[in-house]
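Student: Structure: my_file.pdb, PDB, C-alpha atoms.
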```pdb
ATOM      1  CA  MET A1212      75.815 -11.241  -4.814
ATOM      2  CA  ILE A1213      72.838 -12.078  -7.078
ATOM      3  CA  GLY A1214      71.581 -14.748  -4.665
ATOM      4  CA  ALA A1215      71.838 -12.376  -1.731
ATOM      5  CA  SER A1216      69.894  -9.684  -3.594
ATOM      6  CA  THR A1217      67.125 -12.162  -4.424
ATOM      7  CA  ILE A1218      66.937 -13.248  -0.808
ATOM      8  CA  GLU A1219      66.736  -9.605   0.304
ATOM      9  CA  ARG A1220      63.866  -8.820  -2.142
ATOM     10  CA  ARG A1221      61.797 -11.909  -1.265
ATOM     11  CA  PRO A1222      60.440 -10.660   2.120
ATOM     12  CA  ALA A1223      59.277  -7.434   0.438
ATOM     13  CA  SER A1224      57.376  -9.359  -2.259
ATOM     14  CA  ILE A1225      55.808 -11.649   0.363
ATOM     15  CA  SER A1226      54.766  -8.621   2.398
ATOM     16  CA  LEU A1227      53.245  -6.997  -0.712
ATOM     17  CA  GLY A1228      51.280 -10.165  -1.544
ATOM     18  CA  ALA A1229      50.002 -10.437   2.011
ATOM     19  CA  ALA A1230      48.861  -6.799   1.915
ATOM     20  CA  ARG A1231      46.985  -7.410  -1.340
ATOM     21  CA  ARG A1232      45.281 -10.487   0.113
ATOM     22  CA  SER A1233      44.373  -8.535   3.220
ATOM     23  CA  ARG A1234      42.846  -5.707   1.158
ATOM     24  CA  ARG A1235      40.959  -8.233  -0.978
ATOM     25  CA  ALA A1236      39.588  -9.969   2.132
ATOM     26  CA  LEU A1237      38.583  -6.603   3.611
ATOM     27  CA  ARG A1238      36.815  -5.667   0.371
ATOM     28  CA  VAL A1239      34.935  -8.987   0.346
ATOM     29  CA  ARG A1240      33.883  -8.497   3.966
ATOM     30  CA  ARG A1241      32.626  -4.990   3.210
ATOM     31  CA  MET A1242      30.640  -6.255   0.237
ATOM     32  CA  ALA A1243      29.220  -9.209   2.173
ATOM     33  CA  THR A1244      28.258  -7.304   5.325
ATOM     34  CA  PRO A1245      25.103  -5.628   3.916
ATOM     35  CA  TYR A1246      23.868  -8.968   2.548
ATOM     36  CA  LEU A1247      24.500 -10.690   5.873
ATOM     37  CA  LEU A1248      22.564  -7.962   7.677
ATOM     38  CA  LEU A1249      19.709  -8.259   5.183
ATOM     39  CA  ALA A1250      19.659 -12.055   5.281
ATOM     40  CA  PRO A1251      17.273 -12.450   8.287
ATOM     41  CA  ALA A1252      14.755 -10.002   6.820
ATOM     42  CA  MET A1253      15.025 -11.588   3.367
ATOM     43  CA  LEU A1254      14.514 -15.032   4.893
ATOM     44  CA  ILE A1255      11.370 -13.863   6.691
ATOM     45  CA  TYR A1256      10.156 -12.191   3.484
ATOM     46  CA  ALA A1257      10.769 -15.354   1.484
ATOM     47  CA  VAL A1258       8.984 -17.593   3.997
ATOM     48  CA  PHE A1259       5.972 -15.380   4.699
ATOM     49  CA  THR A1260       5.538 -13.532   1.369
ATOM     50  CA  VAL A1261       7.294 -15.141  -1.590
ATOM     51  CA  TYR A1262       6.396 -18.738  -0.760
ATOM     52  CA  PRO A1263       2.698 -17.984   0.003
ATOM     53  CA  ILE A1264       2.397 -16.132  -3.318
ATOM     54  CA  TYR A1265       3.960 -19.094  -5.109
ATOM     55  CA  ARG A1266       1.561 -21.497  -3.355
ATOM     56  CA  GLN A1267      -1.357 -19.225  -4.212
ATOM     57  CA  PHE A1268      -0.520 -19.461  -7.918
ATOM     58  CA  ASP A1269       0.013 -23.205  -7.580
ATOM     59  CA  ILE A1270      -3.347 -23.798  -5.842
ATOM     60  CA  SER A1271      -5.175 -21.726  -8.475
ATOM     61  CA  PHE A1272      -4.645 -24.553 -11.004
ATOM     62  CA  PHE A1273      -6.315 -27.181  -8.810
ATOM     63  CA  ASP A1274      -9.708 -27.934  -7.363
ATOM     64  CA  TRP A1275      -8.111 -27.612  -3.966
ATOM     65  CA  HIS A1276      -9.491 -29.102  -0.742
ATOM     66  CA  ILE A1277      -8.097 -28.784   2.759
ATOM     67  CA  PHE A1278      -9.803 -31.833   4.189
ATOM     68  CA  PRO A1279      -7.452 -34.671   5.193
ATOM     69  CA  GLY A1280      -7.223 -37.354   2.560
ATOM     70  CA  ALA A1281      -9.123 -35.366  -0.075
ATOM     71  CA  THR A1282      -7.798 -35.408  -3.632
ATOM     72  CA  ASN A1283      -6.908 -32.155  -5.371
ATOM     73  CA  PRO A1284      -7.524 -32.695  -9.100
ATOM     74  CA  TYR A1285      -5.669 -30.537 -11.581
ATOM     75  CA  VAL A1286      -8.126 -28.295 -13.458
ATOM     76  CA  GLY A1287      -5.731 -26.137 -15.448
ATOM     77  CA  TRP A1288      -7.076 -22.727 -16.412
ATOM     78  CA  SER A1289     -10.721 -23.484 -15.598
ATOM     79  CA  ASN A1290     -10.615 -21.432 -12.362
ATOM     80  CA  TYR A1291      -9.396 -18.441 -14.358
ATOM     81  CA  SER A1292     -11.979 -18.900 -17.093
ATOM     82  CA  GLN A1293     -14.690 -19.040 -14.437
ATOM     83  CA  ILE A1294     -13.695 -15.542 -13.328
ATOM     84  CA  PHE A1295     -14.830 -14.049 -16.649
ATOM     85  CA  HIS A1296     -18.268 -15.682 -16.374
ATOM     86  CA  ASP A1297     -18.979 -14.818 -12.721
ATOM     87  CA  PRO A1298     -21.448 -11.885 -12.388
ATOM     88  CA  VAL A1299     -20.327 -11.156  -8.814
ATOM     89  CA  ILE A1300     -16.770 -10.662 -10.082
ATOM     90  CA  ARG A1301     -17.965  -7.792 -12.266
ATOM     91  CA  THR A1302     -19.569  -6.113  -9.235
ATOM     92  CA  ALA A1303     -16.495  -6.725  -7.082
ATOM     93  CA  ALA A1304     -14.139  -5.437  -9.793
ATOM     94  CA  PHE A1305     -16.267  -2.317 -10.272
ATOM     95  CA  ASN A1306     -16.341  -1.659  -6.515
ATOM     96  CA  SER A1307     -12.572  -2.184  -6.275
ATOM     97  CA  LEU A1308     -11.961   0.197  -9.182
ATOM     98  CA  LEU A1309     -14.341   2.755  -7.705
ATOM     99  CA  PHE A1310     -12.584   2.444  -4.349
ATOM    100  CA  VAL A1311      -9.227   3.154  -6.008
ATOM    101  CA  VAL A1312     -10.561   6.102  -8.029
ATOM    102  CA  ILE A1313     -12.180   7.753  -4.998
ATOM    103  CA  THR A1314      -9.865   7.020  -2.081
ATOM    104  CA  VAL A1315      -6.419   7.291  -3.699
ATOM    105  CA  PRO A1316      -6.767  10.889  -5.019
ATOM    106  CA  ALA A1317      -8.526  11.904  -1.809
ATOM    107  CA  GLN A1318      -5.678  10.582   0.341
ATOM    108  CA  ILE A1319      -3.039  12.198  -1.878
ATOM    109  CA  ILE A1320      -4.776  15.600  -1.893
ATOM    110  CA  LEU A1321      -5.561  15.618   1.833
ATOM    111  CA  GLY A1322      -2.080  14.373   2.724
ATOM    112  CA  LEU A1323      -0.416  17.036   0.585
ATOM    113  CA  LEU A1324      -2.649  19.804   1.955
ATOM    114  CA  ALA A1325      -1.981  18.711   5.526
ATOM    115  CA  ALA A1326       1.768  18.582   4.868
ATOM    116  CA  ALA A1327       1.688  22.082   3.353
ATOM    117  CA  VAL A1328      -0.300  23.520   6.259
ATOM    118  CA  LEU A1329       1.326  21.767   9.213
ATOM    119  CA  THR A1330       4.791  23.251   8.831
ATOM    120  CA  ASP A1331       7.200  24.050  11.623
ATOM    121  CA  ARG A1332       6.078  27.687  11.508
ATOM    122  CA  LEU A1333       2.541  26.766  12.581
ATOM    123  CA  ALA A1334       1.880  26.990  16.312
ATOM    124  CA  GLY A1335       1.143  23.594  17.809
ATOM    125  CA  SER A1336       2.157  21.785  14.637
ATOM    126  CA  ALA A1337       3.531  18.808  16.597
ATOM    127  CA  PHE A1338       0.114  18.170  18.169
ATOM    128  CA  TRP A1339      -1.727  18.406  14.849
ATOM    129  CA  ARG A1340       0.799  16.186  13.099
ATOM    130  CA  ALA A1341       0.257  13.530  15.749
ATOM    131  CA  ALA A1342      -3.529  13.951  15.464
ATOM    132  CA  VAL A1343      -3.375  13.417  11.701
ATOM    133  CA  TYR A1344      -1.146  10.357  11.978
ATOM    134  CA  ILE A1345      -2.796   8.553  14.919
ATOM    135  CA  PRO A1346      -5.569   6.955  12.787
ATOM    136  CA  VAL A1347      -2.895   5.301  10.630
ATOM    137  CA  ILE A1348      -1.546   3.264  13.549
ATOM    138  CA  THR A1349      -4.993   2.440  14.923
ATOM    139  CA  SER A1350      -6.281  -1.091  14.336
ATOM    140  CA  TRP A1351      -8.578  -1.580  11.356
ATOM    141  CA  VAL A1352     -10.817  -3.736  13.519
ATOM    142  CA  VAL A1353     -11.220  -1.011  16.139
ATOM    143  CA  VAL A1354     -11.969   1.864  13.762
ATOM    144  CA  SER A1355     -14.274  -0.310  11.654
ATOM    145  CA  TRP A1356     -16.375  -1.160  14.696
ATOM    146  CA  VAL A1357     -16.391   2.501  15.724
ATOM    147  CA  PHE A1358     -17.723   3.485  12.301
ATOM    148  CA  ALA A1359     -20.250   0.645  12.496
ATOM    149  CA  TYR A1360     -21.538   2.223  15.712
ATOM    150  CA  ILE A1361     -21.533   5.750  14.281
ATOM    151  CA  PHE A1362     -23.569   4.692  11.236
ATOM    152  CA  ASN A1363     -25.791   2.186  13.015
ATOM    153  CA  ALA A1364     -29.456   2.417  12.005
ATOM    154  CA  GLN A1365     -30.687   2.080  15.590
ATOM    155  CA  GLY A1366     -29.290   4.828  17.805
ATOM    156  CA  GLY A1367     -26.156   5.483  15.775
ATOM    157  CA  LEU A1368     -24.361   8.783  16.246
ATOM    158  CA  MET A1369     -24.921   9.933  12.666
ATOM    159  CA  ASN A1370     -28.670   9.331  12.800
ATOM    160  CA  SER A1371     -28.854  11.043  16.191
ATOM    161  CA  LEU A1372     -27.135  14.152  14.810
ATOM    162  CA  LEU A1373     -29.371  14.188  11.737
ATOM    163  CA  SER A1374     -32.421  13.823  13.978
ATOM    164  CA  VAL A1375     -31.393  16.926  15.947
ATOM    165  CA  PHE A1376     -31.079  19.027  12.796
ATOM    166  CA  ALA A1377     -34.136  17.533  11.085
ATOM    167  CA  GLY A1378     -36.429  17.948  14.106
ATOM    168  CA  HIS A1379     -37.700  14.372  13.852
ATOM    169  CA  THR A1380     -36.311  10.865  14.208
ATOM    170  CA  VAL A1381     -34.061   9.836  11.313
ATOM    171  CA  ARG A1382     -33.373   6.161  10.792
ATOM    172  CA  ILE A1383     -31.155   5.668   7.781
ATOM    173  CA  ASP A1384     -29.780   2.150   7.494
ATOM    174  CA  TRP A1385     -26.379   3.259   6.253
ATOM    175  CA  ILE A1386     -24.711  -0.162   6.234
ATOM    176  CA  ALA A1387     -27.616  -2.037   4.630
ATOM    177  CA  GLN A1388     -27.846   0.078   1.469
ATOM    178  CA  THR A1389     -25.375  -0.220  -1.372
ATOM    179  CA  TRP A1390     -24.255   3.366  -1.943
ATOM    180  CA  THR A1391     -24.423   4.536   1.658
ATOM    181  CA  ALA A1392     -22.491   1.437   2.752
ATOM    182  CA  ASN A1393     -19.856   2.102   0.089
ATOM    183  CA  GLY A1394     -19.752   5.731   1.188
ATOM    184  CA  VAL A1395     -19.065   4.703   4.795
ATOM    185  CA  ILE A1396     -16.269   2.392   3.625
ATOM    186  CA  TRP A1397     -14.731   5.169   1.512
ATOM    187  CA  LEU A1398     -14.970   7.706   4.340
ATOM    188  CA  LEU A1399     -13.381   5.334   6.835
ATOM    189  CA  SER A1400     -10.561   4.443   4.444
ATOM    190  CA  VAL A1401      -9.705   8.054   3.579
ATOM    191  CA  TRP A1402      -9.874   9.208   7.220
ATOM    192  CA  LYS A1403      -7.621   6.401   8.409
ATOM    193  CA  GLY A1404      -5.218   6.411   5.479
ATOM    194  CA  PHE A1405      -4.370   9.968   4.480
ATOM    195  CA  GLY A1406      -2.077  10.425   7.496
ATOM    196  CA  TRP A1407       0.371   8.004   5.887
ATOM    197  CA  SER A1408       0.684  10.053   2.706
ATOM    198  CA  PHE A1409       0.888  13.156   4.915
ATOM    199  CA  ILE A1410       4.050  11.840   6.583
ATOM    200  CA  ILE A1411       5.680  11.007   3.233
ATOM    201  CA  PHE A1412       4.854  14.411   1.748
ATOM    202  CA  LEU A1413       5.978  16.194   4.903
ATOM    203  CA  ALA A1414       9.405  14.551   4.649
ATOM    204  CA  ALA A1415       9.585  15.348   0.925
ATOM    205  CA  LEU A1416       8.682  19.002   1.502
ATOM    206  CA  ASP A1417      11.339  19.288   4.200
ATOM    207  CA  GLY A1418      13.872  17.977   1.667
ATOM    208  CA  ILE A1419      13.289  20.786  -0.837
ATOM    209  CA  PRO A1420      16.113  23.365  -0.557
ATOM    210  CA  ARG A1421      14.749  26.604   0.850
ATOM    211  CA  GLU A1422      17.025  28.549  -1.486
ATOM    212  CA  GLN A1423      15.019  27.374  -4.499
ATOM    213  CA  LEU A1424      11.745  28.502  -2.973
ATOM    214  CA  GLU A1425      13.127  31.859  -1.899
ATOM    215  CA  ALA A1426      14.759  32.435  -5.309
ATOM    216  CA  ALA A1427      11.459  31.782  -7.062
ATOM    217  CA  ARG A1428       9.632  34.185  -4.758
ATOM    218  CA  VAL A1429      12.314  36.852  -5.192
ATOM    219  CA  ASP A1430      11.907  36.534  -8.969
ATOM    220  CA  GLY A1431       8.258  37.466  -8.532
ATOM    221  CA  ALA A1432       6.638  34.041  -8.801
ATOM    222  CA  SER A1433       3.310  33.649  -7.048
ATOM    223  CA  GLU A1434       2.753  30.825  -4.588
ATOM    224  CA  ARG A1435       0.761  28.987  -7.234
ATOM    225  CA  ARG A1436       3.655  29.159  -9.708
ATOM    226  CA  VAL A1437       6.140  28.199  -6.989
ATOM    227  CA  TRP A1438       4.131  25.062  -6.287
ATOM    228  CA  ARG A1439       3.646  24.293  -9.975
ATOM    229  CA  HIS A1440       7.229  24.808 -11.140
ATOM    230  CA  VAL A1441       9.307  24.101  -8.009
ATOM    231  CA  VAL A1442       7.444  22.110  -5.371
ATOM    232  CA  ILE A1443       5.485  19.620  -7.502
ATOM    233  CA  PRO A1444       8.497  18.627  -9.688
ATOM    234  CA  ALA A1445      10.525  18.093  -6.519
ATOM    235  CA  LEU A1446       7.729  15.928  -5.097
ATOM    236  CA  ARG A1447       7.448  13.608  -8.119
ATOM    237  CA  PRO A1448       9.485  10.747  -6.581
ATOM    238  CA  ALA A1449       7.358  10.940  -3.429
ATOM    239  CA  LEU A1450       4.186  11.142  -5.530
ATOM    240  CA  THR A1451       5.235   8.041  -7.456
ATOM    241  CA  PHE A1452       5.958   6.128  -4.269
ATOM    242  CA  VAL A1453       2.719   7.208  -2.570
ATOM    243  CA  THR A1454       0.538   6.594  -5.626
ATOM    244  CA  VAL A1455       1.862   3.103  -6.289
ATOM    245  CA  LEU A1456       1.470   1.957  -2.695
ATOM    246  CA  LEU A1457      -1.928   3.584  -2.261
ATOM    247  CA  VAL A1458      -3.229   1.944  -5.437
ATOM    248  CA  ILE A1459      -1.961  -1.452  -4.285
ATOM    249  CA  GLY A1460      -3.501  -0.936  -0.857
ATOM    250  CA  ALA A1461      -6.816   0.271  -2.291
ATOM    251  CA  ALA A1462      -7.070  -2.570  -4.806
ATOM    252  CA  THR A1463      -6.494  -5.103  -2.020
ATOM    253  CA  VAL A1464      -8.965  -3.528   0.425
ATOM    254  CA  PHE A1465     -10.486  -6.143   2.696
ATOM    255  CA  ALA A1466     -10.716  -5.494   6.453
ATOM    256  CA  GLN A1467     -13.205  -2.613   6.480
ATOM    257  CA  VAL A1468     -15.440  -4.276   3.894
ATOM    258  CA  PHE A1469     -15.444  -7.576   5.749
ATOM    259  CA  ILE A1470     -16.179  -6.008   9.146
ATOM    260  CA  LEU A1471     -18.759  -3.431   8.056
ATOM    261  CA  THR A1472     -20.767  -5.210   5.360
ATOM    262  CA  LYS A1473     -19.221  -8.648   4.653
ATOM    263  CA  GLY A1474     -19.874  -7.796   1.017
ATOM    264  CA  GLY A1475     -23.620  -7.272   1.470
ATOM    265  CA  PRO A1476     -26.310  -6.482   0.868
ATOM    266  CA  TYR A1477     -26.539  -9.206  -1.796
ATOM    267  CA  ASN A1478     -22.841  -8.895  -2.766
ATOM    268  CA  SER A1479     -23.368  -5.250  -3.760
ATOM    269  CA  THR A1480     -20.361  -4.022  -1.718
ATOM    270  CA  GLN A1481     -18.062  -6.931  -2.528
ATOM    271  CA  VAL A1482     -14.517  -6.108  -3.567
ATOM    272  CA  LEU A1483     -12.130  -8.570  -5.174
ATOM    273  CA  PHE A1484     -10.285  -9.561  -2.023
ATOM    274  CA  SER A1485     -13.411  -9.969   0.092
ATOM    275  CA  TYR A1486     -14.970 -12.107  -2.634
ATOM    276  CA  ALA A1487     -11.816 -14.225  -2.931
ATOM    277  CA  TYR A1488     -11.870 -14.694   0.841
ATOM    278  CA  GLN A1489     -15.543 -15.663   0.737
ATOM    279  CA  GLN A1490     -14.929 -18.200  -2.004
ATOM    280  CA  ALA A1491     -12.001 -19.761  -0.162
ATOM    281  CA  PHE A1492     -13.079 -19.743   3.483
ATOM    282  CA  THR A1493     -16.872 -19.750   3.230
ATOM    283  CA  ASN A1494     -17.548 -21.770   0.075
ATOM    284  CA  PHE A1495     -14.279 -23.754   0.413
ATOM    285  CA  ALA A1496     -13.491 -23.098  -3.262
ATOM    286  CA  PHE A1497      -9.820 -22.525  -2.524
ATOM    287  CA  GLY A1498      -8.693 -22.935  -6.122
ATOM    288  CA  TYR A1499     -11.155 -20.335  -7.377
ATOM    289  CA  GLY A1500     -10.334 -17.912  -4.560
ATOM    290  CA  ALA A1501      -6.612 -18.334  -5.292
ATOM    291  CA  ALA A1502      -7.246 -17.661  -8.983
ATOM    292  CA  ILE A1503      -9.020 -14.383  -8.174
ATOM    293  CA  ALA A1504      -6.183 -13.278  -5.894
ATOM    294  CA  SER A1505      -3.531 -14.363  -8.425
ATOM    295  CA  LEU A1506      -5.145 -12.474 -11.293
ATOM    296  CA  LEU A1507      -5.388  -9.362  -9.117
ATOM    297  CA  CYS A1508      -1.723  -9.759  -8.190
ATOM    298  CA  ILE A1509      -0.720  -9.880 -11.880
ATOM    299  CA  VAL A1510      -2.822  -6.807 -12.713
ATOM    300  CA  LEU A1511      -1.355  -4.815  -9.820
ATOM    301  CA  PHE A1512       2.194  -5.800 -10.734
ATOM    302  CA  GLY A1513       1.676  -4.673 -14.325
ATOM    303  CA  PHE A1514       0.029  -1.424 -13.245
ATOM    304  CA  SER A1515       2.812  -0.622 -10.772
ATOM    305  CA  TRP A1516       5.521  -1.329 -13.362
ATOM    306  CA  VAL A1517       3.845   0.881 -15.983
ATOM    307  CA  GLU A1518       3.225   3.685 -13.494
ATOM    308  CA  ILE A1519       6.807   3.693 -12.259
ATOM    309  CA  ARG A1520       8.125   3.739 -15.845
ATOM    310  CA  LEU A1521       5.869   6.649 -16.769
ATOM    311  CA  MET A1522       6.864   8.626 -13.705
ATOM    312  CA  LYS A1523      10.578   8.006 -14.372
ATOM    313  CA  ASN A1524      10.175   9.234 -17.946
ATOM    314  CA  GLN A1525       8.499  12.409 -16.706
ATOM    315  CA  VAL A1526      11.325  13.035 -14.224
ATOM    316  CA  ASN A1527      13.998  12.456 -16.875
TER     317      ASN A1527
END
```
Show how you would write the structure in this file as structure tokens.

Tutor:
Amino acid sequence: MIGASTIERRPASISLGAARRSRRALRVRRMATPYLLLAPAMLIYAVFTVYPIYRQFDISFFDWHIFPGATNPYVGWSNYSQIFHDPVIRTAAFNSLLFVVITVPAQIILGLLAAAVLTDRLAGSAFWRAAVYIPVITSWVVVSWVFAYIFNAQGGLMNSLLSVFAGHTVRIDWIAQTWTANGVIWLLSVWKGFGWSFIIFLAALDGIPREQLEAARVDGASERRVWRHVVIPALRPALTFVTVLLVIGAATVFAQVFILTKGGPYNSTQVLFSYAYQQAFTNFAFGYGAAIASLLCIVLFGFSWVEIRLMKNQVN
């Protein structure tokens, strides 16, 4: 009788064990599926982003040459020490900082204003949203050449308009003067870039529950107080995201500077990335150019980490 009972219970225990193994295998597959789906993108990211950054840091410690058979002597930290004695670096760093200070707040303010104005209740909002966003997806090369034509000293559109209002021929060489050239670069960057922050803020505004806004208005709060105490706190995650990415993008500005001025006149419009590019691909000082880019990468990483921590503390 005991043996028969054991035999009868054995299939049930085997079935229970098989069910547990099946559930465990299903759980493993569910956990592994997201990583398998992400694997191609992570592989591309590793090959085209992580490895180049690693090689950039590696090259920065050598007097690197690309010519076949050339030796690449190890120079240690000398490329980095050279940065602090290079007068052009000070100009490029100042221009990069000025670019961040001017263009980042301008893009945030214009993007937020556009998102607040172009709501679903506005007639033709779809057209205006597309008009605001189209510059973002336009090639930097194309818009830079368009601005080069607009601000050309000989027959440019801006000089032609000023000549009409002034009553005489105006020939301002916008691109060949330091501050006017920087102003053109700033204007181009803000015009092309604020549509990106507009899209982010528009999505964030749509995510705010309408009940909160209506409750604040019913309680007698003015629109200014609604924005200050309801809208802005709700937008803090979006503000953090936009600010960090805009600062990174502004600090690594390159295309418009290279196309419009190439850092001139006399390096007065150089920014850090354009100067690093010039050192590497014009002067063939690849180690020094890599050191400039690496130091900028470290600074931006530290800034982004601090900014995200500060924003998280404010939210909490």

Student: Rounded to one decimal in Å, what is the spacing between CA of Gly1474 in chain A and CA of Ile1459 in chain A?

Tutor: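 Atom-to-atom, CA of Gly1474 in chain A and CA of Ile1459 in chain A are spaced 19.7 Å apart.
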
Student: Between A:Ser1400, A:Asn1363, A:Ser1226, A:Ser1271, which one has atoms that come closest to Gly1460 in chain A, using all atoms listed in the file?

Tutor: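 Closest residue, counting all atoms listed in the file: A:Ser1400.
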
Student: When distances are computed from only C-alpha atoms, which of A:Pro1316, A:Pro1346, A:Pro1245, A:Pro1263 shows the smallest separation from Trp1407 in chain A?

Tutor: A:Pro1346

Student: Suppose you want the space between CA of Phe1465 in chain A and CA of Phe1484 in chain A; what is it in Å?

Tutor: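 CA of Phe1465 in chain A sits 5.8 Å away from CA of Phe1484 in chain A.
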
Student: Between A:Val1395, A:Ile1277, A:Ala1466, A:Ala1257, which one has atoms that come closest to Phe1492 in chain A, using all atoms listed in the file?

Tutor: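 Ranking A:Val1395, A:Ile1277, A:Ala1466, A:Ala1257 by distance to Phe1492 in chain A, first place goes to A:Ile1277.
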
Student: So the first atom is CA of Asn1478 in chain A and the second is CA of Thr1389 in chain A; what is the distance between them in Å, to one decimal place?

Tutor: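 A separation of 9.1 Å between them.
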
Student: Using the chain letters and numbers from the file, give me the residues hit by the PyMOL selection byres ((chain A and resi 1504) around 12), as a PyMOL selection string.

Tutor: chain A and resi 1263-1271+1290-1291+1294+1300+1304+1462-1465+1482-1491+1497-1503+1505-1511

Student: Would you compute, for all listed atoms of range 1369-1379 of chain A, the axis-aligned bounding box grown by 8 Å on each side, and then report its centre and edge lengths in Å rounded to one decimal, as lines of an AutoDock Vina configuration file?

Tutor:
```
center_x = -31.3
center_y = 14.2
center_z = 13.6
size_x = 28.8
size_y = 25.7
size_z = 21.1
```

Student: Could you pull range 1473-1486 of chain A out of the structure I just pasted and write it to a file containing C-alpha atoms, as a PDB file, in the first residue's frame?

Tutor:
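Output (out.pdb):
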```
ATOM      1  CA  LYS A1473      36.227  78.950 -39.781  1.00  0.00           C
ATOM      2  CA  GLY A1474      37.175  80.556 -36.481  1.00  0.00           C
ATOM      3  CA  GLY A1475      38.228  83.878 -38.022  1.00  0.00           C
ATOM      4  CA  PRO A1476      38.994  86.636 -38.185  1.00  0.00           C
ATOM      5  CA  TYR A1477      42.312  85.842 -36.475  1.00  0.00           C
ATOM      6  CA  ASN A1478      40.790  83.088 -34.280  1.00  0.00           C
ATOM      7  CA  SER A1479      38.416  85.615 -32.688  1.00  0.00           C
ATOM      8  CA  THR A1480      35.328  83.412 -33.256  1.00  0.00           C
ATOM      9  CA  GLN A1481      36.992  80.101 -32.437  1.00  0.00           C
ATOM     10  CA  VAL A1482      35.145  77.756 -30.110  1.00  0.00           C
ATOM     11  CA  LEU A1483      36.703  74.742 -28.427  1.00  0.00           C
ATOM     12  CA  PHE A1484      35.525  72.151 -30.920  1.00  0.00           C
ATOM     13  CA  SER A1485      36.446  74.184 -33.991  1.00  0.00           C
ATOM     14  CA  TYR A1486      39.896  74.816 -32.530  1.00  0.00           C
TER      15      TYR A1486
END
```
